[in-house]
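All remarks here apply to the structure that follows.
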Amino acid sequence: MENETIDDAELTEPAIEEELLVEEISIDGMCGVY
Amino acid sequence: MSVESLATQLKAGLDAPICLTWELTYACNLQCIHCLSSSGRRDPRELSTTEAFTVLDELRDLQVFYINIGGGEPMVRRDFFDIVEHSVANGIGVKFSTNGAFIGAAEARRLTAMDYLDIQLSIDGADAATNDAVRGEGSFATAMRAMDHLAEAGFGPFKISVVATRQNVPQLDRFKALADSYGAQLRLTRLRPSGRAVDTWDELHPTQAQQRELYHWLLDHGDSVLTGDSFFHLNALGDPLPGLNMCGAGRVVCLIDPIGDVYACPFVIHDEFHAGNVRDAGGFTHVWRGSELFRSLREPQSAGACASCGAYDACQGGCMAAKFFTGMPLDGPDPECVTGHGETALASLAAVPVALTPRPSQDHSRPARTPAVV
Amino acid sequence: MSTDLRHRLLDTALELHPQVALRPEPFGALAYHYGNRRLVFLKHADIVAVARSLGDHDSLSATLEACDVDPARWPSFVTAFESLLRSEVVRER
């Protein structure tokens, strides 16, 4: 029978996921335009 | 809290287009053999100046910040400057696409004095021989003259727009050098089998090997060369090219044609992709927000035959115009699919009579067309 | 990006560039700069609110506070405003 070990990573705060709040697109970057 | 990817949100459509193409006239002094709008003769049902101003006022109210004016040759219209000036006065920036025939010294100065205006000159060869085979004798010289006038007037950076063909892919570096010599920005776009190109696409479209060459060249040049995001089908080859990498037709862009008809994009001027007309009750706004065609384009699209292909996430099955006008199903590979699935599908269609392949719904070509040597 | 620079941006008075137009969208807003033709999507209502009220406060941090942005999210906002500064959608006052 395996010894169950507690993974240290489970005990720490999850890293704050950085939200991608802005995204730039080229005015020429959309298909369907002259 | 997660923010969805931009492309995912944009595929569902917006309350107003981000930008759009507006063909002002089907009249044109040229007869390019690949013209996406089959232009040549003016359609007598063209929007009047007043109707054009009404469209612009609507776009202003929708907060469309930028429009791409084209045709035919937009400068053929007598009210061309009135329309452009009305647009910029209402906070709608303009880029217009032209062959340059009507940009003399005076016009160049007038254009230079305007704000929020971009100019895109069309050529398809880095020399007269290559260019004129597609666009007609003298057209290269005409474009160069226009560029010289713009340079002399101090216009600043304009765009040089090239449609990639089998004949001009070997000239990419020369196009870049030409653009650099004017301080202009090079734009390279995909040839779609639309308009008159339904008949010339087979001879003009780049080979698979040339597509790979083009892809790597574009990657090397990054943001310094524009593409109108027209090569997203090549993203199956590796790192994505700059751009949204999605079909914007009916979702974030559309076309208004010279008689007020609204289509999903300039490359699908066909009843199948017709959304409405700006002269109908509710104007452009009602067409953009209420048309059945656009509603269906804003739903998730079926991958169909491409579902099992690992490249689908990158290429998304390519361009619906390319598929439609080569007679291929929209939920399947692009005819220029880089994995070769398109070629296989095209070959199996070879038995289908050409007459059953979709053709443009209208032809504005001038009658006695001199066939150009390809 | 070093911690020192982050703090500096937080203490900076910013404003929306006068040549920028903001168009509301279901998920946030579309920002278009008439001068440099750049197009930027603000992908959440919160960042739109902060961008719009920059002029009312003496610093980015004051604006974030006034808009009730959870401090845990401030790093994402600083990254975003760095980007908006680079594209000139916002500028220092």
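Letters A, B, ... mark the chains of the structure tokens in the order given; residue numbers begin at 1 per chain; ligand numbers begin at 1, in order shown.
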Quick one: everything within 7 Å of segment 26-29 of chain C, counting only C-alpha atoms, minus sequence neighbours fewer than 2 positions away in the same chain. Send it as a PyMOL selection string. chain C and resi 22-24+31+41-45+48
Neighbours of chain C in chain B at 10 Å, counting only C-alpha atoms, as an MDAnalysis selection string: chainID B and resid 2:6 9 14:16 18 62:66 91:93 115:116 118
Given the selection you just returned, output its residues as a file containing C-alpha atoms, formatted as a JSON list (two decimals), in the first residue's frame.
```json
[["chain", "number", "residue", "atom", "x", "y", "z"],
["B", 2, "SER", "CA", -11.07, 34.67, -17.36],
["B", 3, "VAL", "CA", -11.34, 36.91, -20.35],
["B", 4, "GLU", "CA", -12.16, 35.09, -23.57],
["B", 5, "SER", "CA", -9.81, 35.32, -26.47],
["B", 6, "LEU", "CA", -10.51, 38.26, -28.71],
["B", 9, "GLN", "CA", -15.63, 37.11, -28.88],
["B", 14, "LEU", "CA", -20.52, 43.03, -32.76],
["B", 15, "ASP", "CA", -23.36, 45.58, -32.73],
["B", 16, "ALA", "CA", -21.54, 47.49, -35.43],
["B", 18, "ILE", "CA", -15.18, 47.58, -36.76],
["B", 62, "LEU", "CA", -22.73, 53.44, -35.14],
["B", 63, "GLN", "CA", -19.22, 54.69, -34.32],
["B", 64, "VAL", "CA", -17.57, 52.95, -37.24],
["B", 65, "PHE", "CA", -14.16, 54.63, -37.06],
["B", 66, "TYR", "CA", -12.67, 53.64, -40.38],
["B", 91, "GLY", "CA", -15.11, 61.26, -37.63],
["B", 92, "ILE", "CA", -14.89, 58.32, -40.00],
["B", 93, "GLY", "CA", -11.34, 57.78, -41.19],
["B", 115, "ASP", "CA", -6.93, 64.54, -42.29],
["B", 116, "TYR", "CA", -7.66, 60.91, -41.39],
["B", 118, "ASP", "CA", -5.01, 56.77, -46.10]]
```
Each residue of chain A with at least one atom at most 8 Å from chain B should appear once, together with its nearest atom pair and the corresponding distance in Å (one decimal); atoms considered: only C-alpha atoms; ordering: chain, then increasing residue number; output as a Markdown table.
```
| residue | atom | partner | partner_atom | distance |
| --- | --- | --- | --- | --- |
| A:Glu19 | CA | B:Ser2 | CA | 6.5 |
| A:Leu20 | CA | B:Val3 | CA | 6.7 |
| A:Leu21 | CA | B:Val3 | CA | 7.3 |
| A:Glu23 | CA | B:Leu6 | CA | 7.4 |
| A:Ile25 | CA | B:Gly243 | CA | 6.7 |
| A:Ser26 | CA | B:Gly243 | CA | 6.7 |
| A:Ile27 | CA | B:Cys19 | CA | 7.9 |
| A:Asp28 | CA | B:Gly228 | CA | 4.9 |
| A:Gly29 | CA | B:Gly243 | CA | 4.4 |
| A:Met30 | CA | B:Asp229 | CA | 5.4 |
| A:Cys31 | CA | B:Asp229 | CA | 4.8 |
| A:Gly32 | CA | B:Cys265 | CA | 5.1 |
| A:Val33 | CA | B:Thr21 | CA | 5.7 |
| A:Tyr34 | CA | B:Thr21 | CA | 6.2 |
```
Taking the DSSP assignment computed from this structure's backbone, write out as a PyMOL selection string all residues of segment 197-324 of chain B that belong to strand (DSSP E or B). chain B and resi 225-226+247+249+253+255-256+261-263+274-277
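Using only C-alpha atoms, the nearest neighbour of chain A within the list C:Val50, C:Leu60, C:Leu14, C:Cys67 is C:Val50.
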Go through chain C and collect every residue that DSSP, computed from the backbone, puts in helix (DSSP H, G or I); the answer should be as a PyMOL selection string. chain C and resi 3-10+45-56+60-66+71-86
With N, CA and C atoms retained, export the selected residues as a short mmCIF file (atom, residue, chain, number, x, y, z; two decimals), in the first residue's frame.
```cif
data_model
loop_
_atom_site.label_atom_id
_atom_site.label_comp_id
_atom_site.auth_asym_id
_atom_site.auth_seq_id
_atom_site.Cartn_x
_atom_site.Cartn_y
_atom_site.Cartn_z
N THR C 3 9.53 45.61 -10.16
CA THR C 3 8.59 46.13 -9.17
C THR C 3 8.66 47.65 -9.09
N ASP C 4 9.89 48.21 -9.25
CA ASP C 4 10.03 49.67 -9.17
C ASP C 4 9.21 50.36 -10.24
N LEU C 5 9.28 49.83 -11.49
CA LEU C 5 8.55 50.46 -12.58
C LEU C 5 7.05 50.36 -12.33
N ARG C 6 6.60 49.22 -11.79
CA ARG C 6 5.18 49.07 -11.53
C ARG C 6 4.72 50.15 -10.58
N HIS C 7 5.46 50.35 -9.52
CA HIS C 7 5.06 51.36 -8.57
C HIS C 7 5.04 52.74 -9.22
N ARG C 8 5.97 52.99 -10.10
CA ARG C 8 6.02 54.29 -10.75
C ARG C 8 4.76 54.54 -11.56
N LEU C 9 4.31 53.55 -12.29
CA LEU C 9 3.12 53.74 -13.12
C LEU C 9 1.89 53.97 -12.24
N LEU C 10 1.86 53.25 -11.13
CA LEU C 10 0.73 53.41 -10.22
C LEU C 10 0.65 54.82 -9.66
N ALA C 45 -15.35 45.31 -18.58
CA ALA C 45 -16.00 46.57 -18.20
C ALA C 45 -15.17 47.34 -17.17
N ASP C 46 -14.44 46.60 -16.32
CA ASP C 46 -13.67 47.25 -15.26
C ASP C 46 -12.56 48.13 -15.81
N ILE C 47 -11.86 47.60 -16.83
CA ILE C 47 -10.76 48.41 -17.35
C ILE C 47 -11.29 49.60 -18.12
N VAL C 48 -12.49 49.44 -18.70
CA VAL C 48 -13.11 50.58 -19.38
C VAL C 48 -13.43 51.67 -18.37
N ALA C 49 -14.01 51.26 -17.26
CA ALA C 49 -14.36 52.22 -16.20
C ALA C 49 -13.13 52.97 -15.71
N VAL C 50 -12.04 52.23 -15.51
CA VAL C 50 -10.81 52.87 -15.04
C VAL C 50 -10.28 53.84 -16.10
N ALA C 51 -10.25 53.39 -17.36
CA ALA C 51 -9.74 54.25 -18.43
C ALA C 51 -10.54 55.55 -18.52
N ARG C 52 -11.84 55.43 -18.38
CA ARG C 52 -12.70 56.61 -18.51
C ARG C 52 -12.53 57.60 -17.36
N SER C 53 -12.14 57.09 -16.16
CA SER C 53 -12.07 58.00 -15.01
C SER C 53 -10.66 58.41 -14.64
N LEU C 54 -9.69 58.08 -15.48
CA LEU C 54 -8.29 58.46 -15.21
C LEU C 54 -8.14 59.95 -14.94
N GLY C 55 -8.86 60.74 -15.72
CA GLY C 55 -8.72 62.19 -15.61
C GLY C 55 -9.23 62.77 -14.31
N ASP C 56 -10.04 61.96 -13.60
CA ASP C 56 -10.62 62.46 -12.35
C ASP C 56 -9.72 62.23 -11.14
N LEU C 60 -2.83 56.50 -11.14
CA LEU C 60 -3.48 55.27 -11.55
C LEU C 60 -4.00 54.52 -10.32
N SER C 61 -3.20 54.52 -9.27
CA SER C 61 -3.63 53.77 -8.07
C SER C 61 -4.89 54.39 -7.47
N ALA C 62 -4.96 55.72 -7.48
CA ALA C 62 -6.16 56.39 -6.96
C ALA C 62 -7.37 56.03 -7.80
N THR C 63 -7.15 55.93 -9.11
CA THR C 63 -8.25 55.57 -10.02
C THR C 63 -8.71 54.14 -9.76
N LEU C 64 -7.74 53.24 -9.59
CA LEU C 64 -8.08 51.83 -9.33
C LEU C 64 -8.87 51.71 -8.03
N GLU C 65 -8.43 52.46 -7.03
CA GLU C 65 -9.15 52.44 -5.74
C GLU C 65 -10.56 52.96 -5.91
N ALA C 66 -10.67 54.11 -6.58
CA ALA C 66 -11.99 54.73 -6.75
C ALA C 66 -12.93 53.81 -7.52
N PRO C 71 -7.19 44.85 -5.13
CA PRO C 71 -5.72 44.95 -5.24
C PRO C 71 -5.05 43.72 -5.81
N ALA C 72 -5.68 42.55 -5.64
CA ALA C 72 -5.09 41.33 -6.21
C ALA C 72 -5.03 41.41 -7.73
N ARG C 73 -5.88 42.25 -8.31
CA ARG C 73 -5.93 42.37 -9.77
C ARG C 73 -5.07 43.50 -10.29
N TRP C 74 -4.50 44.29 -9.38
CA TRP C 74 -3.75 45.47 -9.84
C TRP C 74 -2.60 45.15 -10.80
N PRO C 75 -1.86 44.05 -10.58
CA PRO C 75 -0.79 43.73 -11.53
C PRO C 75 -1.30 43.60 -12.98
N SER C 76 -2.44 42.98 -13.15
CA SER C 76 -3.01 42.85 -14.50
C SER C 76 -3.34 44.21 -15.08
N PHE C 77 -3.86 45.10 -14.22
CA PHE C 77 -4.21 46.43 -14.68
C PHE C 77 -2.97 47.24 -15.03
N VAL C 78 -1.91 47.09 -14.23
CA VAL C 78 -0.67 47.80 -14.54
C VAL C 78 -0.12 47.35 -15.89
N THR C 79 -0.12 46.04 -16.11
CA THR C 79 0.33 45.51 -17.41
C THR C 79 -0.51 46.10 -18.54
N ALA C 80 -1.81 46.15 -18.31
CA ALA C 80 -2.70 46.68 -19.34
C ALA C 80 -2.42 48.14 -19.62
N PHE C 81 -2.23 48.93 -18.57
CA PHE C 81 -1.99 50.36 -18.80
C PHE C 81 -0.61 50.66 -19.35
N GLU C 82 0.36 49.77 -19.07
CA GLU C 82 1.64 49.88 -19.75
C GLU C 82 1.44 49.76 -21.25
N SER C 83 0.62 48.78 -21.62
CA SER C 83 0.34 48.53 -23.03
C SER C 83 -0.41 49.71 -23.64
N LEU C 84 -1.37 50.25 -22.92
CA LEU C 84 -2.13 51.39 -23.42
C LEU C 84 -1.25 52.64 -23.56
N LEU C 85 -0.26 52.73 -22.70
CA LEU C 85 0.70 53.84 -22.78
C LEU C 85 1.55 53.70 -24.04
N ARG C 86 1.98 52.46 -24.30
CA ARG C 86 2.82 52.20 -25.48
C ARG C 86 2.07 52.51 -26.76
#
```
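If you look at atom CA of Ala351 of chain B and atom CA of Gln208 of chain B, they are 22.3 Å away from each other.
Shell of Thr25 of chain B at 9 Å, with only C-alpha atoms counted and residues fewer than 5 places along the chain excluded, is B:Ser39, B:Arg41, B:Arg42, B:Asp43, B:Glu46, B:Leu47, B:Gly70, B:Gly71, B:Gly72, B:Glu73, B:Pro74, B:Met75, B:Val76, B:Arg77, B:Asp257, B:Pro258, B:Ile259.
If you look at atom CA of Asn29 of chain B and atom CA of Arg279 of chain B, they are 27.3 Å away from each other.
As for atom CA of Ala113 of chain B and atom CA of Ile83 of chain B, they are spaced 15.4 Å apart.
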Excluding Asp79 of chain B and residues on its chain fewer than 5 positions from it, collect all residues at most 12 Å away from it, counting only C-alpha atoms, and give them as a compact mmCIF listing (two decimals) with N, CA and C atoms, in the first residue's frame.
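The file below, part.txt, is the result:
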```txt
# COMPACT_ATOMS: atom_id res chain seq x y z
N LEU B 24 -17.69 52.35 -54.12
CA LEU B 24 -18.49 53.52 -54.50
C LEU B 24 -19.10 53.41 -55.89
N THR B 25 -18.45 52.67 -56.78
CA THR B 25 -18.93 52.58 -58.15
C THR B 25 -18.41 51.30 -58.79
N LEU B 47 -25.89 54.55 -55.69
CA LEU B 47 -26.34 55.46 -54.65
C LEU B 47 -26.00 56.89 -55.06
N SER B 48 -26.94 57.80 -54.79
CA SER B 48 -26.70 59.22 -55.08
C SER B 48 -25.79 59.79 -54.00
N THR B 49 -25.36 61.02 -54.21
CA THR B 49 -24.52 61.69 -53.21
C THR B 49 -25.27 61.77 -51.87
N THR B 50 -26.55 62.14 -51.95
CA THR B 50 -27.36 62.26 -50.73
C THR B 50 -27.46 60.92 -50.02
N GLU B 51 -27.70 59.87 -50.79
CA GLU B 51 -27.79 58.54 -50.18
C GLU B 51 -26.46 58.14 -49.56
N ALA B 52 -25.38 58.51 -50.22
CA ALA B 52 -24.04 58.19 -49.68
C ALA B 52 -23.83 58.92 -48.35
N PHE B 53 -24.23 60.19 -48.31
CA PHE B 53 -24.08 60.95 -47.06
C PHE B 53 -24.92 60.32 -45.94
N PRO B 74 -12.85 54.30 -57.44
CA PRO B 74 -13.71 55.25 -56.73
C PRO B 74 -13.56 56.70 -57.20
N VAL B 84 -15.58 61.68 -49.51
CA VAL B 84 -14.45 61.49 -48.59
C VAL B 84 -14.41 62.58 -47.54
N GLU B 85 -14.66 63.82 -47.97
CA GLU B 85 -14.64 64.93 -47.01
C GLU B 85 -15.78 64.81 -46.01
N HIS B 86 -16.95 64.37 -46.45
CA HIS B 86 -18.07 64.18 -45.53
C HIS B 86 -17.73 63.11 -44.51
```
Neighbouring residues of Ser59 of chain C were defined as those with any atom within 6 Å, considering only C-alpha atoms; residues of the same chain fewer than 3 positions away were excluded. Please report them as an mmCIF file with N, CA and C atoms, in the first residue's frame.
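Result file follows (selection.cif):
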```cif
data_model
loop_
_atom_site.group_PDB
_atom_site.id
_atom_site.type_symbol
_atom_site.label_atom_id
_atom_site.label_comp_id
_atom_site.auth_asym_id
_atom_site.auth_seq_id
_atom_site.Cartn_x
_atom_site.Cartn_y
_atom_site.Cartn_z
ATOM 1 N N ASP C 11 1.799 55.480 -9.537
ATOM 2 C CA ASP C 11 1.818 56.834 -8.983
ATOM 3 C C ASP C 11 1.696 57.917 -10.043
ATOM 4 N N THR C 12 1.557 57.500 -11.286
ATOM 5 C CA THR C 12 1.525 58.460 -12.388
ATOM 6 C C THR C 12 0.105 58.934 -12.669
ATOM 7 N N ALA C 13 -0.016 60.231 -12.958
ATOM 8 C CA ALA C 13 -1.305 60.764 -13.398
ATOM 9 C C ALA C 13 -1.424 60.507 -14.892
ATOM 10 N N ALA C 62 -4.956 55.721 -7.478
ATOM 11 C CA ALA C 62 -6.156 56.387 -6.956
ATOM 12 C C ALA C 62 -7.373 56.025 -7.801
#
```
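Closest approach to chain A among C:Asp68, C:Glu88, C:Asp58, C:Glu15: C:Glu88, based on only C-alpha atoms.
All residues of protein, DNA or RNA that reach within 9 Å of segment 293-305 of chain B, judged by only C-alpha atoms and not counting those fewer than 3 positions away in the chain, are Leu10, Lys11, Ala12, Gly13, Ala249, Gly250, Arg251, Ala264, Glu272, Phe273, His274, Ala275, Val287, Trp288, Arg289, Gly290, Ser308, Cys309, Tyr312, Gln316, Gly317, Leu330, Asp331, Gly332 and Pro333 of chain B.
Those residues that approach Phe140 of chain B to within 8 Å, counting only C-alpha atoms, are B:Ile123, B:Gly125, B:Asp127, B:Ala128, B:Asn131, B:Asp132; same-chain residues fewer than 6 positions away are not listed.
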May I have the residues from that selection written out with C-alpha atoms, as a PDB file, in the first residue's frame?
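Final output, saved to result_5.pdb:
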```
ATOM      1  CA  ILE B 123      -0.224  47.087 -58.477  1.00  0.00           C
ATOM      2  CA  GLY B 125       3.811  43.345 -60.542  1.00  0.00           C
ATOM      3  CA  ASP B 127       7.604  45.905 -63.235  1.00  0.00           C
ATOM      4  CA  ALA B 128       5.354  46.931 -66.108  1.00  0.00           C
ATOM      5  CA  ASN B 131       1.809  44.159 -63.721  1.00  0.00           C
ATOM      6  CA  ASP B 132       0.268  45.092 -67.038  1.00  0.00           C
TER       7      ASP B 132
END
```
